[in-house]
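One file, query.txt, carrying compact mmCIF, C-alpha atoms:
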```txt
# COMPACT_ATOMS: atom_id res chain seq x y z
CA MET W 592 -7.93 5.20 32.05
CA SER W 593 -7.67 1.73 30.48
CA PRO W 594 -4.26 0.14 29.66
CA ALA W 595 -5.04 0.36 25.94
CA GLN W 596 -5.73 4.11 26.24
CA SER W 597 -2.52 4.61 28.21
CA LEU W 598 -0.57 2.68 25.59
CA LYS W 599 -2.06 4.75 22.81
CA LYS W 600 -1.16 8.01 24.56
CA LEU W 601 2.40 6.83 25.20
CA SER W 602 2.73 5.87 21.53
CA LEU W 603 1.49 9.24 20.31
CA LEU W 604 3.87 10.98 22.73
CA ALA W 605 6.79 8.95 21.35
CA VAL W 606 5.87 9.95 17.81
CA LEU W 607 5.66 13.65 18.75
CA ILE W 608 9.05 13.51 20.50
CA GLY W 609 10.57 11.87 17.41
CA ILE W 610 9.12 14.55 15.13
CA VAL W 611 10.48 17.35 17.32
CA SER W 612 13.92 15.68 17.40
CA LEU W 613 14.04 15.32 13.64
CA ALA W 614 12.87 18.91 13.12
CA SER W 615 15.75 20.23 15.25
CA VAL W 616 18.52 18.57 13.19
CA SER W 617 20.69 21.07 11.34
CA PRO W 618 21.30 20.52 7.60
CA ALA W 619 25.05 20.16 8.17
CA LEU W 620 24.62 17.34 10.68
CA ALA W 621 21.97 15.58 8.62
CA GLN W 622 24.54 14.87 5.93
CA ASN W 623 25.95 11.95 7.95
CA THR W 624 24.11 8.75 7.24
CA MET W 625 23.79 5.20 8.58
CA SER W 626 22.00 2.05 7.56
CA ALA W 627 20.47 -0.86 9.48
CA ILE W 628 20.87 -4.35 7.99
CA PRO W 629 18.48 -6.09 7.56
CA THR W 630 15.27 -4.09 7.90
CA ARG W 631 13.46 -7.04 9.51
CA VAL W 632 14.30 -10.23 11.40
CA ASP W 633 11.82 -13.13 11.76
CA LEU W 634 12.36 -15.74 14.47
CA ILE W 635 10.46 -18.69 15.93
CA ALA W 636 10.99 -20.02 19.46
CA ASP W 637 9.39 -22.21 22.12
CA PRO W 638 8.49 -20.97 25.62
CA GLY W 639 11.63 -21.19 27.80
CA GLN W 640 13.98 -21.31 24.81
CA THR W 641 16.88 -18.95 24.15
CA VAL W 642 17.57 -17.95 20.55
CA THR W 643 20.05 -15.57 18.97
CA ALA W 644 20.16 -13.37 15.91
CA GLU W 645 22.62 -11.02 14.25
CA VAL W 646 21.92 -7.57 12.90
CA LYS W 647 24.30 -4.98 11.44
CA ILE W 648 24.80 -1.25 11.52
CA ARG W 649 26.65 0.41 8.65
CA ASN W 650 28.37 3.77 9.08
CA ASP W 651 27.95 5.46 5.70
CA SER W 652 29.91 8.56 6.72
CA SER W 653 33.62 9.26 6.32
CA ILE W 654 34.22 9.58 10.09
CA SER W 655 34.05 7.15 13.00
CA GLN W 656 30.76 6.99 14.82
CA THR W 657 29.81 5.60 18.21
CA PHE W 658 26.17 4.55 18.24
CA SER W 659 23.82 4.06 21.16
CA ILE W 660 21.53 1.06 20.81
CA ASN W 661 17.91 1.22 21.88
CA ILE W 662 15.33 -1.55 21.98
CA ASP W 663 11.64 -0.74 22.24
CA ASP W 664 8.42 -2.56 21.73
CA PHE W 665 6.38 -1.31 18.83
CA ILE W 666 2.73 -1.33 17.87
CA VAL W 667 0.83 -0.52 14.69
CA TYR W 668 -2.28 1.67 14.72
CA ASP W 669 -2.70 2.95 11.18
CA SER W 670 -3.92 1.11 8.08
CA ILE W 671 -0.60 1.20 6.21
CA GLY W 672 1.50 -0.75 8.71
CA THR W 673 3.58 2.04 10.28
CA PRO W 674 5.47 0.77 13.38
CA ILE W 675 5.32 3.11 16.38
CA PRO W 676 7.88 2.65 19.19
CA VAL W 677 6.53 2.25 22.71
CA GLN W 678 8.77 2.77 25.73
CA SER W 679 6.31 1.11 28.11
CA SER W 680 4.99 -2.44 27.83
CA LEU W 681 1.89 -1.54 29.85
CA GLY W 682 -0.93 -3.75 28.65
CA ASN W 683 1.08 -4.83 25.60
CA ARG W 684 0.34 -8.51 25.05
CA TRP W 685 2.74 -8.39 22.07
CA SER W 686 5.74 -7.12 24.05
CA LEU W 687 9.24 -8.44 23.23
CA LYS W 688 11.62 -5.80 24.55
CA SER W 689 12.22 -7.33 28.01
CA TRP W 690 13.38 -10.65 26.51
CA ILE W 691 16.21 -9.15 24.46
CA THR W 692 19.82 -8.64 25.52
CA ALA W 693 22.03 -6.41 23.35
CA PRO W 694 25.02 -4.03 23.74
CA LYS W 695 24.27 -0.49 24.83
CA ILE W 696 26.85 1.26 22.64
CA ILE W 697 28.90 0.22 19.65
CA PRO W 698 31.66 1.95 17.64
CA VAL W 699 31.74 1.76 13.83
CA ASP W 700 34.65 2.75 11.59
CA PRO W 701 34.19 5.13 8.64
CA ASN W 702 32.26 3.37 5.89
CA GLY W 703 32.37 0.26 8.06
CA ILE W 704 29.88 -2.37 9.22
CA GLN W 705 29.53 -3.66 12.77
CA VAL W 706 27.71 -6.85 13.73
CA ILE W 707 25.46 -6.85 16.80
CA LYS W 708 24.48 -10.12 18.45
CA LEU W 709 21.01 -10.24 19.98
CA THR W 710 19.94 -12.81 22.56
CA PHE W 711 16.23 -13.59 23.05
CA LYS W 712 15.50 -15.34 26.35
CA VAL W 713 11.89 -16.47 26.14
CA PRO W 714 10.08 -16.96 29.46
CA LEU W 715 8.30 -20.24 30.14
CA THR W 716 5.10 -18.22 30.54
CA ALA W 717 5.38 -16.55 27.11
CA LEU W 718 2.03 -16.45 25.31
CA PRO W 719 1.95 -18.24 21.94
CA GLY W 720 1.79 -15.93 18.95
CA GLY W 721 3.58 -12.82 17.80
CA HIS W 722 5.83 -10.56 19.86
CA TYR W 723 7.37 -7.44 18.37
CA ALA W 724 10.19 -4.99 19.06
CA MET W 725 12.57 -2.71 17.17
CA ILE W 726 16.29 -2.12 17.62
CA THR W 727 17.37 1.41 16.68
CA TYR W 728 20.73 3.15 16.44
CA GLN W 729 21.64 6.75 17.12
CA PRO W 730 24.98 8.57 17.38
CA ASN W 731 25.44 8.94 21.12
CA PRO W 732 25.69 12.57 22.35
CA ASP W 733 26.30 11.58 25.98
CA LEU W 734 29.57 9.61 25.75
CA LYS W 735 32.41 11.11 27.75
CA LYS W 736 35.85 11.80 26.33
CA GLY W 737 37.81 8.56 26.16
CA GLU W 738 34.71 6.45 25.62
CA GLN W 739 34.65 7.31 21.92
CA ARG W 740 37.11 5.91 19.44
CA GLN W 741 36.91 9.26 17.69
CA THR W 742 34.89 12.38 18.18
CA ALA W 743 32.09 12.30 15.63
CA ASN W 744 29.45 14.68 14.43
CA LEU W 745 26.21 13.78 16.16
CA ILE W 746 22.92 13.60 14.33
CA GLY W 747 19.35 13.27 15.51
CA GLN W 748 18.24 10.64 13.05
CA ARG W 749 17.63 6.98 13.84
CA VAL W 750 17.61 3.81 11.79
CA GLY W 751 16.66 0.36 12.91
CA THR W 752 15.50 -3.21 12.37
CA LEU W 753 12.09 -4.62 13.20
CA LEU W 754 12.19 -7.81 15.27
CA TYR W 755 9.42 -10.41 14.89
CA LEU W 756 9.41 -13.35 17.28
CA THR W 757 6.67 -15.98 17.02
CA ILE W 758 6.20 -18.21 20.08
CA SER W 759 5.04 -21.69 19.16
CA GLY W 760 1.92 -23.21 20.66
CA PRO W 761 -1.83 -23.06 20.07
CA ILE W 762 -2.05 -19.92 17.92
CA ASN W 763 -5.36 -18.52 16.73
CA GLN W 764 -5.19 -17.54 13.06
CA ASN W 765 -8.19 -15.62 11.86
CA ALA W 766 -8.72 -12.64 9.59
CA SER W 767 -11.61 -10.99 7.78
CA MET W 768 -12.07 -8.92 4.65
CA THR W 769 -13.62 -5.65 5.78
CA LYS W 770 -13.61 -3.97 2.36
CA PHE W 771 -13.15 -4.83 -1.30
CA THR W 772 -14.35 -2.28 -3.80
CA THR W 773 -13.79 -0.32 -6.99
CA GLU W 774 -15.75 2.30 -8.91
CA ARG W 775 -19.04 0.81 -10.05
CA PHE W 776 -18.75 2.49 -13.45
CA VAL W 777 -15.41 3.10 -15.16
CA GLU W 778 -15.25 4.80 -18.54
CA ARG W 779 -11.56 4.17 -19.18
CA GLY W 780 -8.99 2.14 -17.30
CA PRO W 781 -6.88 1.43 -15.44
CA VAL W 782 -9.33 -0.01 -12.91
CA VAL W 783 -8.15 0.45 -9.31
CA PHE W 784 -9.29 -1.97 -6.60
CA SER W 785 -9.00 -1.21 -2.90
CA GLY W 786 -9.52 -3.41 0.11
CA SER W 787 -8.91 -3.82 3.83
CA VAL W 788 -7.99 -6.86 5.91
CA LEU W 789 -8.60 -7.07 9.67
CA ASN W 790 -6.23 -9.43 11.49
CA LEU W 791 -7.92 -11.21 14.40
CA SER W 792 -5.01 -13.61 14.93
CA ASP W 793 -2.47 -13.98 17.73
CA VAL W 794 0.29 -13.33 15.19
CA HIS W 795 0.93 -11.09 12.21
CA VAL W 796 -0.19 -12.37 8.82
CA ALA W 797 0.77 -11.36 5.28
CA PRO W 798 -2.12 -12.19 2.93
CA THR W 799 -1.26 -12.78 -0.72
CA GLY W 800 -3.34 -13.88 -3.67
CA THR W 801 -5.00 -12.72 -6.84
CA ILE W 802 -7.94 -10.83 -8.29
CA SER W 803 -9.48 -12.80 -11.17
CA ILE W 804 -11.47 -10.68 -13.62
CA TYR W 805 -14.23 -12.10 -15.83
CA GLY W 806 -15.66 -10.33 -18.86
CA PRO W 807 -19.26 -9.78 -20.06
CA LEU W 808 -19.28 -13.32 -21.57
CA ASN W 809 -18.14 -14.79 -18.21
CA ASN W 810 -14.71 -15.54 -19.66
CA LYS W 811 -11.58 -14.94 -17.59
CA VAL W 812 -9.79 -11.93 -19.03
CA ALA W 813 -7.14 -11.12 -16.41
CA GLU W 814 -5.50 -12.17 -13.14
CA ILE W 815 -3.87 -9.55 -10.93
CA PRO W 816 -1.42 -10.41 -8.10
CA VAL W 817 -2.17 -8.93 -4.66
CA GLU W 818 0.22 -8.53 -1.72
CA VAL W 819 -1.30 -6.94 1.37
CA GLY W 820 1.90 -6.83 3.44
CA ASN W 821 2.20 -7.63 7.13
CA VAL W 822 -1.03 -7.14 9.05
CA PHE W 823 -0.43 -6.96 12.78
CA PRO W 824 -2.77 -8.46 15.39
CA GLU W 825 -5.96 -6.47 16.03
CA VAL W 826 -5.10 -4.06 13.20
CA THR W 827 -6.72 -3.36 9.82
CA ARG W 828 -4.45 -2.86 6.81
CA ASP W 829 -5.44 -1.33 3.47
CA PHE W 830 -4.22 -2.49 0.08
CA THR W 831 -4.69 -1.57 -3.56
CA ALA W 832 -4.35 -3.40 -6.86
CA GLU W 833 -4.63 -2.16 -10.43
CA TRP W 834 -5.92 -3.69 -13.65
CA ASP W 835 -4.20 -1.83 -16.48
CA GLN W 836 -6.94 -2.54 -19.02
CA ARG W 837 -7.80 0.68 -20.89
CA TRP W 838 -11.03 -0.17 -22.67
CA GLY W 839 -13.92 -2.49 -22.02
CA TYR W 840 -17.49 -2.91 -23.14
CA GLY W 841 -19.80 -4.30 -20.52
CA ARG W 842 -20.25 -5.64 -17.00
CA TYR W 843 -17.25 -7.33 -15.37
CA ARG W 844 -16.79 -9.49 -12.27
CA ALA W 845 -13.77 -9.38 -9.93
CA ASP W 846 -13.11 -12.35 -7.62
CA LEU W 847 -10.58 -11.74 -4.83
CA SER W 848 -8.85 -14.68 -3.15
CA LEU W 849 -6.18 -14.18 -0.46
CA ALA W 850 -4.32 -16.86 1.48
CA TYR W 851 -2.96 -16.04 4.94
CA GLY W 852 -1.30 -17.71 7.89
CA THR W 853 0.01 -21.26 8.18
CA ALA W 854 -3.35 -22.96 8.74
CA GLY W 855 -4.69 -22.54 5.22
CA GLY W 856 -6.81 -19.44 5.85
CA ILE W 857 -8.53 -18.00 2.77
CA LEU W 858 -10.27 -14.64 2.33
CA THR W 859 -12.63 -14.21 -0.63
CA SER W 860 -14.84 -11.45 -1.98
CA THR W 861 -16.64 -10.70 -5.26
CA ILE W 862 -17.68 -7.38 -6.79
CA PHE W 863 -19.16 -6.29 -10.12
CA PHE W 864 -18.33 -3.18 -12.12
CA TRP W 865 -18.90 -1.68 -15.55
CA LEU W 866 -16.07 -0.79 -17.91
CA PHE W 867 -17.68 1.10 -20.74
CA PRO W 868 -16.56 4.27 -22.62
CA ILE W 869 -19.94 5.96 -22.40
CA ARG W 870 -18.72 9.44 -23.38
CA LEU W 871 -16.72 8.08 -26.29
CA VAL W 872 -19.79 6.18 -27.46
CA ILE W 873 -21.90 9.33 -27.10
CA TYR W 874 -19.35 11.34 -29.10
CA ILE W 875 -19.35 8.70 -31.84
CA LEU W 876 -23.15 8.64 -31.90
CA VAL W 877 -23.28 12.44 -32.09
CA LEU W 878 -20.79 12.34 -34.96
CA ILE W 879 -22.80 9.67 -36.79
CA VAL W 880 -26.04 11.59 -36.27
CA SER W 881 -24.36 14.80 -37.45
CA VAL W 882 -23.09 13.11 -40.60
CA LEU W 883 -26.51 11.60 -41.27
CA MET W 884 -28.17 14.98 -40.77
CA VAL W 885 -25.74 16.58 -43.23
CA ILE W 886 -26.48 13.83 -45.74
CA ILE W 887 -30.21 14.24 -45.21
CA LEU W 888 -30.00 18.02 -45.58
CA LEU W 889 -27.92 17.68 -48.71
CA ASN W 890 -30.35 15.16 -50.13
CA LYS W 891 -33.25 17.39 -49.19
CA LYS W 892 -31.59 20.39 -50.80
CA GLY W 893 -30.83 18.33 -53.89
CA ARG W 894 -34.45 17.18 -54.18
CA LYS W 895 -35.66 20.75 -53.76
CA HIS W 896 -33.33 21.93 -56.50
CA GLN W 897 -34.54 19.06 -58.73
CA GLU W 898 -38.14 20.00 -58.09
CA GLU W 899 -37.41 23.63 -58.99
CA LEU W 900 -35.75 22.55 -62.22
CA GLU W 901 -38.72 20.36 -63.07
CA ARG W 902 -41.10 23.25 -62.42
CA GLU W 903 -39.06 25.54 -64.61
CA VAL W 904 -39.00 22.93 -67.41
CA THR W 905 -42.75 22.44 -67.08
CA GLU W 906 -43.35 26.18 -67.17
CA LEU W 907 -41.10 26.58 -70.21
CA LYS W 908 -42.90 23.71 -71.92
CA ARG W 909 -46.27 25.32 -71.20
CA GLU W 910 -45.11 28.66 -72.59
CA LEU W 911 -43.89 26.97 -75.77
CA GLU W 912 -47.24 25.23 -76.21
CA GLU W 913 -49.09 28.56 -75.83
CA ILE W 914 -46.84 30.10 -78.48
CA GLU W 915 -47.57 27.24 -80.86
CA GLU W 916 -51.31 27.59 -80.32
CA LYS W 917 -51.25 31.31 -81.16
CA LYS W 918 -49.62 30.56 -84.48
```
Show me this structure written as structure tokens.
Amino acid sequence: MSPAQSLKKLSLLAVLIGIVSLASVSPALAQNTMSAIPTRVDLIADPGQTVTAEVKIRNDSSISQTFSINIDDFIVYDSIGTPIPVQSSLGNRWSLKSWITAPKIIPVDPNGIQVIKLTFKVPLTALPGGHYAMITYQPNPDLKKGEQRQTANLIGQRVGTLLYLTISGPINQNASMTKFTTERFVERGPVVFSGSVLNLSDVHVAPTGTISIYGPLNNKVAEIPVEVGNVFPEVTRDFTAEWDQRWGYGRYRADLSLAYGTAGGILTSTIFFWLFPIRLVIYILVLIVSVLMVIILLNKKGRKHQEELEREVTELKRELEEIEEKK
């Protein structure tokens, strides 16, 4: 079994364990809450350097809580950027966990906030690029009496902060647009665009840009902002954007332009689509034809009635002439 396959299996196992843990939480215990501040920390360091950062845990309950602190590497497999914790760094070129020093447990007062200092000791051999971990907090069920400031209700939920550390050096920054599409024919907006970006870099990237839309006369009619979000190395991430135009009459062009990384990387793509209310046009045409047919039928009926009147007048005139002749 390859290291990548082992890593994937370990990740899936971690997810399953988390799901089972969450499913076993009783409603009464789940009422206690906590918050991690901030949700993400971004750092930059050189090989051999030591850097520090501060994160916070907030106890949103009305009782004291003693939290256990866990640090794990994480990876992303899906196309929406979901981080998955990994207990093993086997084959993980993006590992960060082993460089971090943090407390193991920490008490927090009711409705209080506690600051946690993190130390990142970067090895001299650290590979340039992105390294990723997550710090999570959980009320600790294993503390003995006397180790807790107060006995607290214990819950199975976790919250945490994602840790991004970029090691300076020669970093490859490359990405590709694997998909950019919309429906080829749209009767009525909004028009929804979807795309996918594959990150081939040594570090995460967050492409941003616009979709410029040009009308049937090649005139620019709209510009839509696009934010893909963080795309992790060797992962594809999907994104969507929406043009809220309701009606259109013709063939349109959409030009996508996304900037990514710190080296001026640009992703571009162009698609064409039709925005045309074909059914509405058909209904209008049917209505027009129906009205014309009614007019024609009425005219035809009127002419027929006129012809009948003329025949009757002619017949009456002929009868009068015959009467005059007999006299």
W:Phe823, W:Leu900, W:Arg844, W:Tyr755 ranked by distance to Tyr668 of chain W, top pick (using all atoms listed in the file):
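Of W:Phe823, W:Leu900, W:Arg844, W:Tyr755, the one nearest Tyr668 of chain W, counting all atoms listed in the file, is W:Phe823.
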Just give me the gap between atom CA of Lys908 of chain W and atom CA of Lys891 of chain W in Å, one decimal is fine.
25.5 Å
Interatomic distance, atom CA of Ala854 of chain W to atom CA of His795 of chain W (Å, one decimal)
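The value is 13.1 Å.
With only C-alpha atoms as the atoms that count, the minimum distance from Asp835 of chain W to the choices W:Gly780, W:Glu818, W:Gly856, W:Val885 is reached by W:Gly780.
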Kindly give the distance, in Å, that separates atom CA of Glu774 of chain W and atom CA of Ala845 of chain W, rounded to a single decimal.
11.9 Å
Nearest residue to Pro868 of chain W from the set W:Arg779, W:Arg837, W:Lys647, W:Lys708 (distances using only C-alpha atoms):
W:Arg779
Of the candidates W:Ile635, W:Val788, W:Ile815, W:Ile696, which one gets nearest to Val713 of chain W if we count only C-alpha atoms?
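So, comparing all the options, the nearest one is W:Ile635.
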Compile the contact shell of Ser787 of chain W as an MDAnalysis selection string: residues with an atom at most 9 Å away, counting all atoms listed in the file, same-chain residues fewer than 6 positions apart removed.
chainID W and resid 670 767:771 819 827:831
Need to verify the contact set: Gly703 of chain W, 12 Å, only C-alpha atoms, exclusion of same-chain residues closer than 3 positions in sequence. Can you return it as a list of chain:residue names?
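Contacts, with the query itself left out: W:Thr624, W:Met625, W:Ser626, W:Lys647, W:Ile648, W:Arg649, W:Asn650, W:Asp651, W:Ser652, W:Ser653, W:Ile654, W:Ser655, W:Gln656, W:Thr657, W:Pro698, W:Val699, W:Asp700, W:Val706.
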From the set W:Ser686, W:Gln640, W:Thr692, W:Asn821, which residue has the shortest atom-to-atom contact distance to Pro714 of chain W, counting only C-alpha atoms?
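Once distances to Pro714 of chain W are computed over only C-alpha atoms, the minimum belongs to W:Gln640.
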Which residues of segment 727-845 of chain W come within 7 Å of segment 659-667 of chain W, and what is each one's closest atom pair and distance in Å (one decimal), counting all atoms listed in the file, sorted by chain and residue number, as CSV?
```
residue,atom,partner,partner_atom,distance
W:Thr727,CA,W:Asn661,CA,5.2
W:Tyr728,CA,W:Ile660,CA,4.9
W:Gln729,CA,W:Ser659,CA,5.3
W:Pro730,CA,W:Ser659,CA,6.0
W:Asn731,CA,W:Ser659,CA,5.1
W:Phe823,CA,W:Val667,CA,6.8
```
Taking (-10.9, -0.8, -8.8) as a centre in this file's frame and 8 Å as the limit, can you find every polymer residue with an atom that close, using all atoms listed in the file, and give them as a PyMOL selection string?
chain W and resi 772-774+782-785+832-834
All residues 6 Å or closer to Phe864 of chain W, all atoms listed in the file, same chain fewer than 6 positions away omitted, as an MDAnalysis selection string
chainID W and resid 775:776 842:843
Nearest-residue call for Ile671 of chain W, choices W:Leu907, W:Gly820, W:Thr801, W:Phe863, using only C-alpha atoms
W:Gly820
For Ala850 of chain W, list every protein, DNA or RNA residue within 7 Å, evaluated using all atoms listed in the file, and leave out those in the same chain fewer than 6 positions away; present the list as number ranges by chain.
W: 798-800, 856-858
